[in-house]
Amino acid sequence: MSADGTATRRQPTLDTVAAEAGVSRATVSRVINGSPKVSPEVKATVDAAIVRLGYVPNRAARSLATRRTDSIALVMREPDAKVLADPYLGNMIIATSQTLMGTGVQLVLMNAQNDAEHARLADYVRGGHVDGVLLVSMHGDDPLPELLLSAGIPTVVGGRPQHPLPGLTYVDVDNLGGAVLATEHLIAAGRTRIATVTGPQDMTAGVDRLTGFQDTLRAAGLKPHHIARGAFTRESGEQAMTEILSRTPDTDAVFVASDLMAIGALRALRTAGRRVPEDVAVVGYDDIEMAQHTEPPLTTIHQPVVDQARIMAELLLTQIGGDPPSSPVVLPTRLVERESA
């Protein structure tokens with residue numbers, strides 16, 4: 001009763017919503033937290049019960065009770081300039097943000113470019129400032145995944161780590177299969193003097209794309225005409241293509257391990273007076289938006305970065321919600337034919 005003697009309605013709780021919807025308290029919590037583990041039918045039932053009862057989640061109280069911050073970190077192991085310039089990383093940020101819309105979970109962007117920043121980032125995360133971590137663009141034998149796992153922090157990695165750890169979830173793209181598709185396309189076009197511009201060899205994506213290229217040539221009785229190293233940047237692609245033309249001027253095709261590098265390679269070919277694809281056929285990798293607008297439009301391998309980011313975020317949310325880490329996920333690639341090859 002209120003002070004004036006009138007009856008007061010009790011504020012609905014998770015338990016009353018669960019009873020109204022005919023589900024468990026844990027299921028209501030999953031719906032409120034945006035867990036993808038809940039079926040659309042159950043979510044609709046719980047949402048209807050929430051509306052009928054007028055339930056409003058008390059996030060401040062829940063945070064105190066559960067030690068949850070309702071935020072996750074997207075950690076990129078790259079310099080700021082590369083994050084801003086690389087369409088793959090930009091699309092990863094956008095797709096992750098879109099996946100979190102409506103979940104009540106905020107996205108915190110973080111970079112770790114050197115050992116000092118690495119240590120500060122690990123301390124920040126272990127200090128309970130975020131509920132989980134998405135890691136992308138890792139190089140070498142990065143210690144951060146093991147640090148996070150040992151601290152019990154839900155973690156999902158974009159791309160296969162150099163040394164996968166038990167209990168570590170990752171979402172990768174079939175980089176080896178994509179390189180096979182690219183190389184087979186060049187061989188089917190009658191090209192026999194095929195070079196490549198690789199990605200960084202301290203990243204599994206770069207290693208797998210080179211391996212797929214080499215294995216496919218070997219199966220066709222061919223050898224790499226030249227292998228030039230790149231760094232997934234436009235400038236490195238231009239420099240690598242210039243090297244290829246200098247050392248093997250009779251090259252008639254090139255598989256470039258990223259579209260940004262392929263754009264640089266096209267510029268080097270144009271500067272050298274080589275026609276694409278008449279003199280040199282070019283296949284890239286990524287299928288970024290700019291690939292449609294190069295001169296000529298770039299034949300490339302499409303990798304599903306939006307799906308990768310979405311699945312990473314969903315798997316992290318399920319871990320935060322109490323589910324065990326998922327098995328690794330590897331997404332397929334496909335060839336997108338345009339005019340460069």
# chains A, B, ... in the order shown; residues from 1 in each chain; ligands from 1
$ residues_around --residues "segment 159-171 of chain A" --least-positions-apart "5" --cutoff "8 Å" --atoms "only C-alpha atoms" --output "list of chain:residue names"
A:Val136, A:Ser137, A:Met138, A:Gly140, A:Asp141, A:Pro145, A:Glu146, A:Leu149, A:Met203, A:Thr204, A:Ala205, A:Gln308, A:Ile311, A:Met312, A:Pro325, A:Ser326, A:Ser327, A:Pro328, A:Val329, A:Val330, A:Leu331
$ select_by_dssp --residues "segment 31-265 of chain A" --states "helix (DSSP H, G or I)" --output "PyMOL selection string"
chain A and resi 31-32+40-53+59-66+80-85+87-100+115-126+144-150+175-188+204-219+234-247+259-265
$ write_last_selection --atoms "C-alpha atoms" --output "compact mmCIF listing (two decimals), in the first residue's frame"
# COMPACT_ATOMS: atom_id res chain seq x y z
CA VAL A 31 16.54 -12.20 -24.84
CA ILE A 32 17.29 -8.95 -23.01
CA PRO A 40 12.73 -16.07 -32.98
CA GLU A 41 9.52 -17.64 -31.60
CA VAL A 42 10.76 -17.63 -28.00
CA LYS A 43 12.12 -14.09 -28.40
CA ALA A 44 8.72 -12.89 -29.66
CA THR A 45 6.98 -14.53 -26.68
CA VAL A 46 9.36 -12.94 -24.18
CA ASP A 47 9.19 -9.54 -25.88
CA ALA A 48 5.39 -9.66 -25.73
CA ALA A 49 5.51 -10.49 -22.01
CA ILE A 50 7.91 -7.58 -21.42
CA VAL A 51 5.51 -5.20 -23.16
CA ARG A 52 2.45 -6.51 -21.27
CA LEU A 53 4.13 -6.20 -17.90
CA ARG A 59 21.06 -2.07 -16.26
CA ALA A 60 22.79 -0.24 -13.43
CA ALA A 61 21.57 -2.76 -10.85
CA ARG A 62 22.35 -5.66 -13.15
CA SER A 63 25.85 -4.36 -13.72
CA LEU A 64 26.50 -4.26 -9.98
CA ALA A 65 25.07 -7.74 -9.50
CA THR A 66 26.78 -9.40 -12.44
CA ASP A 80 46.11 3.95 -36.64
CA ALA A 81 46.91 5.00 -40.21
CA LYS A 82 46.38 1.47 -41.51
CA VAL A 83 43.08 1.07 -39.65
CA LEU A 84 41.81 4.25 -41.29
CA ALA A 85 43.07 3.29 -44.77
CA PRO A 87 38.59 -1.08 -46.15
CA TYR A 88 38.62 -4.57 -44.61
CA LEU A 89 39.16 -3.14 -41.13
CA GLY A 90 36.65 -0.35 -41.73
CA ASN A 91 34.01 -2.87 -42.81
CA MET A 92 34.80 -4.97 -39.74
CA ILE A 93 34.09 -1.98 -37.47
CA ILE A 94 30.84 -1.09 -39.24
CA ALA A 95 29.52 -4.66 -39.37
CA THR A 96 30.33 -5.27 -35.70
CA SER A 97 28.55 -2.06 -34.70
CA GLN A 98 25.50 -3.03 -36.72
CA THR A 99 25.40 -6.48 -35.12
CA LEU A 100 25.36 -4.93 -31.65
CA ASP A 115 54.60 -3.98 -26.56
CA ALA A 116 53.89 -1.05 -24.23
CA GLU A 117 50.42 -0.50 -25.66
CA HIS A 118 49.91 -4.26 -25.62
CA ALA A 119 50.57 -4.40 -21.87
CA ARG A 120 48.29 -1.42 -21.16
CA LEU A 121 45.51 -2.98 -23.22
CA ALA A 122 45.81 -6.29 -21.38
CA ASP A 123 45.68 -4.50 -18.02
CA TYR A 124 42.63 -2.49 -19.12
CA VAL A 125 40.71 -5.55 -20.24
CA ARG A 126 41.66 -7.64 -17.21
CA LEU A 144 47.20 -11.46 -26.18
CA PRO A 145 44.78 -14.37 -26.82
CA GLU A 146 46.52 -16.53 -24.21
CA LEU A 147 46.57 -13.64 -21.72
CA LEU A 148 42.84 -13.11 -22.17
CA LEU A 149 42.00 -16.82 -21.96
CA SER A 150 44.04 -17.28 -18.80
CA ASN A 175 42.12 -18.02 -47.55
CA LEU A 176 43.80 -21.07 -49.02
CA GLY A 177 40.69 -21.97 -51.04
CA GLY A 178 40.35 -18.39 -52.25
CA ALA A 179 43.93 -18.39 -53.52
CA VAL A 180 43.24 -21.67 -55.32
CA LEU A 181 40.23 -20.10 -57.07
CA ALA A 182 42.28 -17.08 -58.15
CA THR A 183 45.19 -19.12 -59.46
CA GLU A 184 42.97 -21.64 -61.26
CA HIS A 185 41.22 -18.75 -62.99
CA LEU A 186 44.53 -17.41 -64.32
CA ILE A 187 45.65 -20.88 -65.47
CA ALA A 188 42.30 -21.49 -67.19
CA THR A 204 48.00 -16.70 -41.35
CA ALA A 205 45.92 -15.05 -44.10
CA GLY A 206 49.09 -14.08 -45.94
CA VAL A 207 50.63 -17.54 -45.47
CA ASP A 208 47.48 -19.38 -46.61
CA ARG A 209 47.06 -17.26 -49.74
CA LEU A 210 50.66 -17.91 -50.76
CA THR A 211 50.29 -21.63 -50.04
CA GLY A 212 47.13 -21.89 -52.13
CA PHE A 213 48.87 -20.11 -55.01
CA GLN A 214 51.93 -22.37 -54.90
CA ASP A 215 49.95 -25.61 -54.50
CA THR A 216 47.70 -24.79 -57.46
CA LEU A 217 50.62 -23.99 -59.75
CA ARG A 218 52.39 -27.18 -58.69
CA ALA A 219 49.28 -29.26 -59.45
CA ARG A 234 48.48 0.10 -51.81
CA GLU A 235 52.06 1.36 -51.68
CA SER A 236 53.50 -2.11 -51.08
CA GLY A 237 51.48 -3.48 -54.00
CA GLU A 238 52.86 -0.86 -56.35
CA GLN A 239 56.44 -1.51 -55.18
CA ALA A 240 56.01 -5.29 -55.46
CA MET A 241 54.61 -5.05 -58.99
CA THR A 242 57.49 -2.80 -60.01
CA GLU A 243 59.87 -5.46 -58.65
CA ILE A 244 58.10 -8.19 -60.63
CA LEU A 245 58.31 -6.23 -63.87
CA SER A 246 61.98 -5.51 -63.25
CA ARG A 247 63.02 -9.09 -62.47
CA ASP A 259 42.65 -5.55 -53.40
CA LEU A 260 44.50 -2.57 -51.94
CA MET A 261 47.78 -4.05 -53.15
CA ALA A 262 46.15 -4.90 -56.49
CA ILE A 263 45.18 -1.25 -56.93
CA GLY A 264 48.84 -0.35 -56.41
CA ALA A 265 49.86 -3.09 -58.85
$ select_by_dssp --residues "segment 22-180 of chain A" --states "strand (DSSP E or B)" --output "PyMOL selection string"
chain A and resi 71-76+106-111+132-136+155-158+169-173
$ write_last_selection --atoms "N, CA and C atoms" --output "PDB file, in the first residue's frame"
ATOM      1  N   SER A  71      29.686  -3.711 -22.475  1.00  0.00           N
ATOM      2  CA  SER A  71      30.553  -3.215 -23.545  1.00  0.00           C
ATOM      3  C   SER A  71      31.551  -4.301 -23.911  1.00  0.00           C
ATOM      4  N   ILE A  72      31.939  -4.313 -25.188  1.00  0.00           N
ATOM      5  CA  ILE A  72      32.982  -5.230 -25.648  1.00  0.00           C
ATOM      6  C   ILE A  72      34.029  -4.421 -26.405  1.00  0.00           C
ATOM      7  N   ALA A  73      35.234  -4.939 -26.436  1.00  0.00           N
ATOM      8  CA  ALA A  73      36.329  -4.257 -27.121  1.00  0.00           C
ATOM      9  C   ALA A  73      36.608  -4.937 -28.460  1.00  0.00           C
ATOM     10  N   LEU A  74      36.785  -4.125 -29.493  1.00  0.00           N
ATOM     11  CA  LEU A  74      37.286  -4.598 -30.778  1.00  0.00           C
ATOM     12  C   LEU A  74      38.727  -4.122 -30.870  1.00  0.00           C
ATOM     13  N   VAL A  75      39.653  -5.066 -30.770  1.00  0.00           N
ATOM     14  CA  VAL A  75      41.075  -4.736 -30.704  1.00  0.00           C
ATOM     15  C   VAL A  75      41.719  -5.024 -32.045  1.00  0.00           C
ATOM     16  N   MET A  76      42.372  -4.008 -32.608  1.00  0.00           N
ATOM     17  CA  MET A  76      43.052  -4.136 -33.895  1.00  0.00           C
ATOM     18  C   MET A  76      44.547  -3.974 -33.683  1.00  0.00           C
ATOM     19  N   GLN A 106      27.747  -1.847 -25.943  1.00  0.00           N
ATOM     20  CA  GLN A 106      28.532  -0.826 -26.629  1.00  0.00           C
ATOM     21  C   GLN A 106      29.826  -1.427 -27.178  1.00  0.00           C
ATOM     22  N   LEU A 107      30.319  -0.812 -28.241  1.00  0.00           N
ATOM     23  CA  LEU A 107      31.571  -1.238 -28.852  1.00  0.00           C
ATOM     24  C   LEU A 107      32.671  -0.236 -28.511  1.00  0.00           C
ATOM     25  N   VAL A 108      33.781  -0.745 -28.000  1.00  0.00           N
ATOM     26  CA  VAL A 108      34.947   0.072 -27.678  1.00  0.00           C
ATOM     27  C   VAL A 108      36.065  -0.309 -28.643  1.00  0.00           C
ATOM     28  N   LEU A 109      36.562   0.644 -29.413  1.00  0.00           N
ATOM     29  CA  LEU A 109      37.647   0.384 -30.368  1.00  0.00           C
ATOM     30  C   LEU A 109      38.990   0.618 -29.700  1.00  0.00           C
ATOM     31  N   MET A 110      39.903  -0.330 -29.875  1.00  0.00           N
ATOM     32  CA  MET A 110      41.212  -0.214 -29.247  1.00  0.00           C
ATOM     33  C   MET A 110      42.285  -0.675 -30.226  1.00  0.00           C
ATOM     34  N   ASN A 111      43.445  -0.013 -30.178  1.00  0.00           N
ATOM     35  CA  ASN A 111      44.605  -0.409 -30.973  1.00  0.00           C
ATOM     36  C   ASN A 111      45.741  -0.791 -30.039  1.00  0.00           C
ATOM     37  N   GLY A 132      34.093  -8.589 -22.880  1.00  0.00           N
ATOM     38  CA  GLY A 132      34.707  -9.530 -23.798  1.00  0.00           C
ATOM     39  C   GLY A 132      35.489  -8.794 -24.857  1.00  0.00           C
ATOM     40  N   VAL A 133      36.229  -9.556 -25.666  1.00  0.00           N
ATOM     41  CA  VAL A 133      37.150  -8.951 -26.636  1.00  0.00           C
ATOM     42  C   VAL A 133      37.039  -9.652 -27.980  1.00  0.00           C
ATOM     43  N   LEU A 134      36.986  -8.841 -29.045  1.00  0.00           N
ATOM     44  CA  LEU A 134      37.158  -9.312 -30.417  1.00  0.00           C
ATOM     45  C   LEU A 134      38.548  -8.883 -30.868  1.00  0.00           C
ATOM     46  N   LEU A 135      39.343  -9.826 -31.361  1.00  0.00           N
ATOM     47  CA  LEU A 135      40.710  -9.536 -31.806  1.00  0.00           C
ATOM     48  C   LEU A 135      40.804  -9.718 -33.311  1.00  0.00           C
ATOM     49  N   VAL A 136      41.317  -8.722 -34.019  1.00  0.00           N
ATOM     50  CA  VAL A 136      41.481  -8.854 -35.462  1.00  0.00           C
ATOM     51  C   VAL A 136      42.863  -8.367 -35.883  1.00  0.00           C
ATOM     52  N   THR A 155      36.624 -14.284 -25.431  1.00  0.00           N
ATOM     53  CA  THR A 155      37.439 -13.769 -26.534  1.00  0.00           C
ATOM     54  C   THR A 155      37.112 -14.513 -27.816  1.00  0.00           C
ATOM     55  N   VAL A 156      36.991 -13.758 -28.916  1.00  0.00           N
ATOM     56  CA  VAL A 156      36.825 -14.342 -30.239  1.00  0.00           C
ATOM     57  C   VAL A 156      37.816 -13.648 -31.171  1.00  0.00           C
ATOM     58  N   VAL A 157      38.516 -14.439 -31.982  1.00  0.00           N
ATOM     59  CA  VAL A 157      39.555 -13.914 -32.869  1.00  0.00           C
ATOM     60  C   VAL A 157      39.068 -13.946 -34.310  1.00  0.00           C
ATOM     61  N   GLY A 158      39.347 -12.875 -35.041  1.00  0.00           N
ATOM     62  CA  GLY A 158      39.080 -12.832 -36.469  1.00  0.00           C
ATOM     63  C   GLY A 158      40.285 -13.347 -37.221  1.00  0.00           C
ATOM     64  N   THR A 169      37.999 -19.391 -29.502  1.00  0.00           N
ATOM     65  CA  THR A 169      37.118 -19.356 -30.666  1.00  0.00           C
ATOM     66  C   THR A 169      37.691 -18.410 -31.720  1.00  0.00           C
ATOM     67  N   TYR A 170      37.699 -18.851 -32.968  1.00  0.00           N
ATOM     68  CA  TYR A 170      38.077 -17.939 -34.048  1.00  0.00           C
ATOM     69  C   TYR A 170      37.150 -18.135 -35.236  1.00  0.00           C
ATOM     70  N   VAL A 171      36.995 -17.058 -36.019  1.00  0.00           N
ATOM     71  CA  VAL A 171      36.192 -17.085 -37.234  1.00  0.00           C
ATOM     72  C   VAL A 171      37.121 -16.678 -38.370  1.00  0.00           C
ATOM     73  N   ASP A 172      37.386 -17.613 -39.256  1.00  0.00           N
ATOM     74  CA  ASP A 172      38.339 -17.387 -40.332  1.00  0.00           C
ATOM     75  C   ASP A 172      37.617 -17.415 -41.676  1.00  0.00           C
ATOM     76  N   VAL A 173      38.334 -17.042 -42.703  1.00  0.00           N
ATOM     77  CA  VAL A 173      37.881 -17.143 -44.085  1.00  0.00           C
ATOM     78  C   VAL A 173      38.784 -18.163 -44.775  1.00  0.00           C
TER      79      VAL A 173
END
$ closest_residue --among "A:Asp174, A:Ile153, A:Gly284, A:Phe232" --to "Glu78 of chain A" --atoms "only C-alpha atoms"
A:Phe232
